[in-house]
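query07.tsv (TSV, C-alpha atoms)
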chain	number	residue	atom	x	y	z
A	812	MET	CA	9.68	132.75	222.19
A	813	LYS	CA	6.53	134.54	221.18
A	814	ASN	CA	7.63	137.51	223.29
A	815	VAL	CA	11.05	137.54	221.58
A	816	PHE	CA	9.54	137.67	218.08
A	817	GLU	CA	6.89	140.22	219.06
A	818	THR	CA	9.55	142.42	220.65
A	819	LEU	CA	11.80	142.30	217.57
A	820	HIS	CA	8.81	143.07	215.34
A	821	GLY	CA	7.81	145.90	217.69
A	822	TRP	CA	11.32	147.37	217.39
A	823	GLY	CA	10.82	147.56	213.62
A	824	ALA	CA	12.45	144.34	212.38
A	825	GLU	CA	11.00	143.44	208.99
A	826	MET	CA	13.18	140.46	208.04
A	827	PHE	CA	13.55	137.36	210.19
A	828	LYS	CA	15.88	134.40	209.65
A	829	THR	CA	15.33	131.33	211.80
A	830	ASP	CA	18.32	129.01	211.57
A	831	PHE	CA	18.76	125.33	212.48
A	832	MET	CA	15.00	124.85	212.51
A	833	LEU	CA	15.26	121.12	211.78
A	834	TRP	CA	16.13	120.64	215.45
A	835	GLY	CA	12.58	121.66	216.32
A	836	LEU	CA	11.15	118.70	214.47
A	837	GLN	CA	11.73	115.78	216.83
A	838	ASP	CA	9.99	112.40	216.63
A	839	SER	CA	7.12	112.59	219.16
A	840	SER	CA	7.41	108.89	219.89
A	841	ARG	CA	10.96	109.45	221.19
A	842	VAL	CA	10.49	112.75	223.02
A	843	LYS	CA	8.64	113.28	226.29
A	844	ARG	CA	6.21	116.15	225.72
A	845	HIS	CA	4.66	118.38	228.37
A	846	MET	CA	1.36	118.06	226.51
A	847	PRO	CA	1.47	114.72	224.61
A	848	GLY	CA	-0.95	113.60	221.95
A	849	LYS	CA	0.16	115.26	218.72
A	850	THR	CA	2.61	114.33	215.99
A	851	SER	CA	5.96	116.06	215.80
A	852	VAL	CA	4.80	117.89	212.66
A	853	GLU	CA	1.69	119.19	214.45
A	854	TYR	CA	3.82	120.57	217.31
A	855	PHE	CA	6.28	122.06	214.84
A	856	ARG	CA	3.62	123.76	212.71
A	857	GLU	CA	2.00	125.23	215.85
A	858	TYR	CA	5.37	126.79	216.64
A	859	LEU	CA	5.69	128.11	213.08
A	860	GLN	CA	2.17	129.57	213.32
A	861	MET	CA	3.15	131.34	216.55
A	862	ILE	CA	6.19	132.88	214.88
A	863	ARG	CA	4.20	134.04	211.83
A	864	GLU	CA	1.55	135.64	214.05
A	865	ALA	CA	4.23	137.35	216.17
A	866	ILE	CA	6.15	138.83	213.20
A	867	GLY	CA	3.10	139.67	211.09
A	868	GLU	CA	2.27	138.88	207.48
A	869	GLU	CA	4.13	141.99	206.28
A	870	SER	CA	7.50	140.67	207.55
A	871	TYR	CA	9.81	138.56	205.39
A	872	TRP	CA	10.69	135.23	207.02
A	873	LEU	CA	13.60	133.10	205.82
A	874	GLY	CA	13.73	129.51	207.11
A	875	CYS	CA	17.21	128.03	207.23
A	876	ILE	CA	18.42	124.48	207.83
A	877	ALA	CA	14.78	123.58	208.03
A	878	PRO	CA	12.44	120.85	206.86
A	879	PHE	CA	10.94	122.14	203.62
A	880	LEU	CA	7.34	120.94	203.72
A	881	PRO	CA	6.31	121.90	207.29
A	882	PHE	CA	7.30	125.50	206.43
A	883	VAL	CA	4.88	125.72	203.50
A	884	GLY	CA	2.41	128.50	204.24
A	885	TYR	CA	4.61	130.14	206.87
A	886	ALA	CA	8.02	131.12	205.45
A	887	ASP	CA	8.51	133.59	202.61
A	888	GLY	CA	11.92	132.17	201.75
A	889	MET	CA	13.78	128.92	202.39
A	890	ARG	CA	17.50	128.14	202.37
A	891	ILE	CA	17.83	125.21	199.99
A	892	GLY	CA	21.57	124.62	200.19
A	893	GLY	CA	24.54	124.76	202.49
A	894	ASP	CA	26.66	127.82	203.17
A	895	VAL	CA	28.78	128.99	200.24
A	896	GLY	CA	32.48	129.61	200.75
A	897	SER	CA	35.09	131.17	198.56
A	898	SER	CA	36.60	128.04	197.02
A	899	TRP	CA	35.01	126.46	193.95
A	900	ASP	CA	35.00	122.81	195.04
A	901	GLY	CA	33.78	121.04	198.13
A	902	GLU	CA	30.82	121.09	200.44
A	903	PHE	CA	30.77	124.90	200.68
A	904	GLY	CA	31.70	125.85	197.13
A	905	PRO	CA	29.57	127.36	194.38
A	906	GLN	CA	29.47	123.93	192.71
A	907	ASN	CA	27.45	122.66	195.67
A	908	MET	CA	25.16	125.70	195.47
A	909	MET	CA	24.50	124.89	191.81
A	910	ARG	CA	23.61	121.28	192.70
A	911	CYS	CA	21.22	122.49	195.40
A	912	LEU	CA	19.57	124.90	192.96
A	913	ALA	CA	19.10	122.12	190.43
A	914	GLY	CA	17.76	119.67	193.01
A	915	ASN	CA	15.49	121.97	195.00
A	916	HIS	CA	14.41	124.62	192.53
A	917	TYR	CA	10.99	122.97	192.13
A	918	THR	CA	9.86	124.75	195.32
A	919	ASN	CA	10.77	128.25	194.11
A	920	HIS	CA	7.75	130.57	194.00
A	921	HIS	CA	5.45	127.57	194.52
A	922	TYR	CA	5.94	127.19	198.25
A	923	TYR	CA	8.33	130.07	199.01
A	924	GLN	CA	11.25	131.91	197.43
A	925	THR	CA	14.35	129.74	197.40
A	926	ASP	CA	17.69	130.87	198.83
A	927	PRO	CA	20.73	128.92	197.63
A	928	ASP	CA	22.99	131.27	199.71
A	929	ALA	CA	24.95	134.38	198.89
A	930	VAL	CA	26.40	135.27	195.51
A	931	MET	CA	30.19	135.48	195.87
A	932	LEU	CA	31.70	138.41	193.99
A	933	ARG	CA	35.13	138.68	195.63
A	934	ASP	CA	38.27	137.01	194.36
A	935	PHE	CA	38.17	133.27	195.01
A	936	GLN	CA	40.96	131.21	196.56
A	937	ILE	CA	41.01	129.29	193.29
A	938	ARG	CA	40.99	131.72	190.37
A	939	LEU	CA	37.79	131.50	188.36
A	940	THR	CA	37.72	132.55	184.77
A	941	GLU	CA	35.54	135.51	183.88
A	942	ARG	CA	33.32	133.05	182.00
A	943	GLU	CA	32.79	130.99	185.19
A	944	ILE	CA	32.02	134.13	187.18
A	945	HIS	CA	29.52	135.31	184.55
A	946	SER	CA	27.98	131.82	184.47
A	947	LEU	CA	27.43	131.94	188.24
A	948	ALA	CA	25.89	135.40	187.98
A	949	LEU	CA	23.61	134.25	185.16
A	950	LEU	CA	22.59	131.16	187.14
A	951	ALA	CA	21.66	133.36	190.08
A	952	ALA	CA	19.72	135.72	187.83
A	953	ILE	CA	17.66	133.07	186.07
A	954	SER	CA	17.00	131.00	189.19
A	955	GLY	CA	14.50	133.54	190.53
A	956	SER	CA	15.94	132.92	193.97
A	957	CYS	CA	16.91	135.39	196.67
A	958	ILE	CA	19.74	137.59	195.43
A	959	TYR	CA	22.22	139.00	197.93
A	960	THR	CA	25.90	139.04	198.72
A	961	SER	CA	28.00	139.29	201.84
A	962	ASP	CA	30.77	141.03	199.93
A	963	PRO	CA	31.49	144.69	200.77
A	964	LEU	CA	30.47	146.16	197.41
A	965	HIS	CA	32.61	149.26	197.88
A	966	ARG	CA	35.75	147.06	198.10
A	967	ILE	CA	35.31	144.73	195.14
A	968	ALA	CA	36.35	145.37	191.56
A	969	GLU	CA	33.95	147.51	189.56
A	970	GLU	CA	33.27	144.76	187.01
A	971	ARG	CA	32.28	142.38	189.84
A	972	ALA	CA	29.94	145.02	191.29
A	973	ALA	CA	28.42	145.36	187.83
A	974	LEU	CA	27.60	141.64	187.96
A	975	PHE	CA	25.64	142.20	191.15
A	976	CYS	CA	23.68	144.97	189.44
A	977	PHE	CA	23.09	142.63	186.49
A	978	ILE	CA	21.43	139.99	188.67
A	979	GLU	CA	19.45	142.43	190.81
A	980	PRO	CA	15.82	141.38	190.29
A	981	ASP	CA	14.07	144.77	190.41
A	982	LYS	CA	15.43	146.80	187.50
A	983	ARG	CA	12.89	149.60	188.12
A	984	ARG	CA	14.87	150.97	191.05
A	985	LYS	CA	17.78	153.33	190.70
A	986	PRO	CA	21.17	151.67	190.05
A	987	CYS	CA	22.15	149.39	192.92
A	988	ILE	CA	25.70	150.70	193.34
A	989	ASN	CA	27.16	154.18	193.02
A	990	PHE	CA	30.95	154.43	192.69
What does the file become when written as structure tokens?
Amino acid sequence: MKNVFETLHGWGAEMFKTDFMLWGLQDSSRVKRHMPGKTSVEYFREYLQMIREAIGEESYWLGCIAPFLPFVGYADGMRIGGDVGSSWDGEFGPQNMMRCLAGNHYTNHHYYQTDPDAVMLRDFQIRLTEREIHSLALLAAISGSCIYTSDPLHRIAEERAALFCFIEPDKRRKPCINF
């Protein structure tokens, strides 16, 4: 795995997302190890150290579906909630993202930058009021979390694209979208 990360870094990758990392943290008393004698957290943190060394300190590393505390000191960002879908309710709705922000925000900029998932700007399956959409944008802006969207900005309504510009954290740059 070290070779994989070093190769990607050598090719110029500057952002790394490691997903489903909780699977790497297995109870050492229940797993037969090639080199026994350490706790599962010790093995896991050695692996995280290897990744950080391979990608370099200048790279941005986002941990996803990962145990929060073992990543402290290694990841730059951490996914703190489930994936966000385009319906308001349910396990993958913005309501769940808001709960995750409220419950896990204590880590933001203390251990790493939090990532509640993407801001959804497109039309939802269930129509949101403009007030609800603005509330979501404001929540994203004040959370101090990672800000990004998977929406094709050139295909969404201009007022929705303006919301993305509103929550963009670095206002010193040129405008984020040109129509």
TODO: Rounded to one decimal place, report the atom CA of A:His921-atom CA of A:Ala877 distance in Å.
DONE: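 Atom CA of A:His921 sits 16.9 Å away from atom CA of A:Ala877.
Contact shell of A:Ser870 at 12 Å (all atoms listed in the file; same-chain neighbours under 3 positions omitted): A:Phe816, A:Glu817, A:Leu819, A:His820, A:Gly821, A:Gly823, A:Ala824, A:Glu825, A:Met826, A:Phe827, A:Lys828, A:Ile862, A:Arg863, A:Glu864, A:Ala865, A:Ile866, A:Gly867, A:Leu873, A:Tyr885, A:Ala886, A:Asp887, A:Gly888.
What separates atom CA of A:His916 from atom CA of A:Phe975 is a distance of 20.9 Å.
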Task: Atomic separation - atom CA of A:Gln860 relative to atom CA of A:Gly835, Å - done: 13.4 Å
Task: Neighbour residues at most 10 Å from (5.2, 124.5, 207.5) (all atoms listed in the file) as a ChimeraX atom specification - done: /A:852-853,855-860,874,877-886,922
Please fill the gaps in stretch 823-834 of chain A so it has all heavy atoms, and write that as a PDB file, in the coordinates of the input.
ATOM      1  N   GLY A 823      10.730 147.178 215.036  1.00  0.00           N
ATOM      2  CA  GLY A 823      10.820 147.560 213.620  1.00  0.00           C
ATOM      3  C   GLY A 823      11.483 146.537 212.717  1.00  0.00           C
ATOM      4  O   GLY A 823      11.673 146.804 211.530  1.00  0.00           O
ATOM      5  N   ALA A 824      11.852 145.368 213.238  1.00  0.00           N
ATOM      6  CA  ALA A 824      12.450 144.340 212.380  1.00  0.00           C
ATOM      7  C   ALA A 824      11.430 143.909 211.335  1.00  0.00           C
ATOM      8  O   ALA A 824      10.261 143.685 211.657  1.00  0.00           O
ATOM      9  CB  ALA A 824      12.901 143.146 213.212  1.00  0.00           C
ATOM     10  N   GLU A 825      11.881 143.834 210.089  1.00  0.00           N
ATOM     11  CA  GLU A 825      11.000 143.440 208.990  1.00  0.00           C
ATOM     12  C   GLU A 825      11.442 142.159 208.310  1.00  0.00           C
ATOM     13  O   GLU A 825      10.728 141.621 207.474  1.00  0.00           O
ATOM     14  CB  GLU A 825      10.938 144.563 207.950  1.00  0.00           C
ATOM     15  CG  GLU A 825      10.337 145.837 208.487  1.00  0.00           C
ATOM     16  CD  GLU A 825      10.385 146.973 207.483  1.00  0.00           C
ATOM     17  OE1 GLU A 825      11.159 146.887 206.496  1.00  0.00           O
ATOM     18  OE2 GLU A 825       9.656 147.948 207.671  1.00  0.00           O
ATOM     19  N   MET A 826      12.649 141.696 208.634  1.00  0.00           N
ATOM     20  CA  MET A 826      13.180 140.460 208.040  1.00  0.00           C
ATOM     21  C   MET A 826      13.644 139.574 209.180  1.00  0.00           C
ATOM     22  O   MET A 826      14.376 140.021 210.051  1.00  0.00           O
ATOM     23  CB  MET A 826      14.336 140.787 207.101  1.00  0.00           C
ATOM     24  CG  MET A 826      14.730 139.652 206.188  1.00  0.00           C
ATOM     25  SD  MET A 826      15.834 138.493 206.965  1.00  0.00           S
ATOM     26  CE  MET A 826      16.166 137.381 205.644  1.00  0.00           C
ATOM     27  N   PHE A 827      13.199 138.318 209.156  1.00  0.00           N
ATOM     28  CA  PHE A 827      13.550 137.360 210.190  1.00  0.00           C
ATOM     29  C   PHE A 827      14.148 136.122 209.546  1.00  0.00           C
ATOM     30  O   PHE A 827      13.611 135.612 208.571  1.00  0.00           O
ATOM     31  CB  PHE A 827      12.310 136.959 210.999  1.00  0.00           C
ATOM     32  CG  PHE A 827      11.722 138.093 211.782  1.00  0.00           C
ATOM     33  CD1 PHE A 827      10.868 138.991 211.187  1.00  0.00           C
ATOM     34  CD2 PHE A 827      12.042 138.264 213.120  1.00  0.00           C
ATOM     35  CE1 PHE A 827      10.326 140.047 211.892  1.00  0.00           C
ATOM     36  CE2 PHE A 827      11.518 139.313 213.846  1.00  0.00           C
ATOM     37  CZ  PHE A 827      10.652 140.212 213.236  1.00  0.00           C
ATOM     38  N   LYS A 828      15.265 135.651 210.094  1.00  0.00           N
ATOM     39  CA  LYS A 828      15.880 134.400 209.650  1.00  0.00           C
ATOM     40  C   LYS A 828      15.925 133.473 210.852  1.00  0.00           C
ATOM     41  O   LYS A 828      16.526 133.800 211.872  1.00  0.00           O
ATOM     42  CB  LYS A 828      17.295 134.635 209.124  1.00  0.00           C
ATOM     43  CG  LYS A 828      17.996 133.353 208.731  1.00  0.00           C
ATOM     44  CD  LYS A 828      19.435 133.631 208.302  1.00  0.00           C
ATOM     45  CE  LYS A 828      20.166 132.326 208.017  1.00  0.00           C
ATOM     46  NZ  LYS A 828      21.586 132.572 207.715  1.00  0.00           N
ATOM     47  N   THR A 829      15.271 132.333 210.740  1.00  0.00           N
ATOM     48  CA  THR A 829      15.330 131.330 211.800  1.00  0.00           C
ATOM     49  C   THR A 829      16.211 130.195 211.297  1.00  0.00           C
ATOM     50  O   THR A 829      15.925 129.578 210.281  1.00  0.00           O
ATOM     51  CB  THR A 829      13.920 130.812 212.154  1.00  0.00           C
ATOM     52  OG1 THR A 829      13.257 130.369 210.973  1.00  0.00           O
ATOM     53  CG2 THR A 829      13.096 131.906 212.827  1.00  0.00           C
ATOM     54  N   ASP A 830      17.301 129.963 212.001  1.00  0.00           N
ATOM     55  CA  ASP A 830      18.320 129.010 211.570  1.00  0.00           C
ATOM     56  C   ASP A 830      18.238 127.729 212.395  1.00  0.00           C
ATOM     57  O   ASP A 830      17.759 127.732 213.520  1.00  0.00           O
ATOM     58  CB  ASP A 830      19.695 129.654 211.736  1.00  0.00           C
ATOM     59  CG  ASP A 830      20.681 129.229 210.675  1.00  0.00           C
ATOM     60  OD1 ASP A 830      20.449 128.208 210.011  1.00  0.00           O
ATOM     61  OD2 ASP A 830      21.707 129.919 210.509  1.00  0.00           O
ATOM     62  N   PHE A 831      18.712 126.642 211.834  1.00  0.00           N
ATOM     63  CA  PHE A 831      18.760 125.330 212.480  1.00  0.00           C
ATOM     64  C   PHE A 831      17.375 124.877 212.940  1.00  0.00           C
ATOM     65  O   PHE A 831      17.225 124.261 213.985  1.00  0.00           O
ATOM     66  CB  PHE A 831      19.760 125.315 213.635  1.00  0.00           C
ATOM     67  CG  PHE A 831      21.182 125.414 213.162  1.00  0.00           C
ATOM     68  CD1 PHE A 831      21.796 126.647 213.060  1.00  0.00           C
ATOM     69  CD2 PHE A 831      21.870 124.274 212.800  1.00  0.00           C
ATOM     70  CE1 PHE A 831      23.105 126.743 212.597  1.00  0.00           C
ATOM     71  CE2 PHE A 831      23.176 124.362 212.339  1.00  0.00           C
ATOM     72  CZ  PHE A 831      23.799 125.599 212.239  1.00  0.00           C
ATOM     73  N   MET A 832      16.370 125.172 212.141  1.00  0.00           N
ATOM     74  CA  MET A 832      15.000 124.850 212.510  1.00  0.00           C
ATOM     75  C   MET A 832      14.700 123.343 212.473  1.00  0.00           C
ATOM     76  O   MET A 832      13.736 122.904 213.074  1.00  0.00           O
ATOM     77  CB  MET A 832      14.016 125.591 211.610  1.00  0.00           C
ATOM     78  CG  MET A 832      14.011 127.088 211.826  1.00  0.00           C
ATOM     79  SD  MET A 832      13.478 127.560 213.478  1.00  0.00           S
ATOM     80  CE  MET A 832      11.733 127.230 213.389  1.00  0.00           C
ATOM     81  N   LEU A 833      15.530 122.549 211.804  1.00  0.00           N
ATOM     82  CA  LEU A 833      15.260 121.120 211.780  1.00  0.00           C
ATOM     83  C   LEU A 833      15.327 120.504 213.169  1.00  0.00           C
ATOM     84  O   LEU A 833      14.724 119.477 213.430  1.00  0.00           O
ATOM     85  CB  LEU A 833      16.173 120.385 210.804  1.00  0.00           C
ATOM     86  CG  LEU A 833      17.661 120.284 211.148  1.00  0.00           C
ATOM     87  CD1 LEU A 833      17.952 119.036 211.947  1.00  0.00           C
ATOM     88  CD2 LEU A 833      18.449 120.243 209.867  1.00  0.00           C
ATOM     89  N   TRP A 834      16.041 121.163 214.085  1.00  0.00           N
ATOM     90  CA  TRP A 834      16.130 120.640 215.450  1.00  0.00           C
ATOM     91  C   TRP A 834      14.788 120.711 216.172  1.00  0.00           C
ATOM     92  O   TRP A 834      14.563 120.002 217.147  1.00  0.00           O
ATOM     93  CB  TRP A 834      17.197 121.381 216.251  1.00  0.00           C
ATOM     94  CG  TRP A 834      18.565 121.052 215.747  1.00  0.00           C
ATOM     95  CD1 TRP A 834      19.346 121.843 214.952  1.00  0.00           C
ATOM     96  CD2 TRP A 834      19.294 119.842 215.937  1.00  0.00           C
ATOM     97  NE1 TRP A 834      20.520 121.193 214.646  1.00  0.00           N
ATOM     98  CE2 TRP A 834      20.507 119.964 215.246  1.00  0.00           C
ATOM     99  CE3 TRP A 834      19.024 118.661 216.619  1.00  0.00           C
ATOM    100  CZ2 TRP A 834      21.455 118.951 215.224  1.00  0.00           C
ATOM    101  CZ3 TRP A 834      19.982 117.656 216.593  1.00  0.00           C
ATOM    102  CH2 TRP A 834      21.180 117.809 215.906  1.00  0.00           C
TER     103      TRP A 834
END
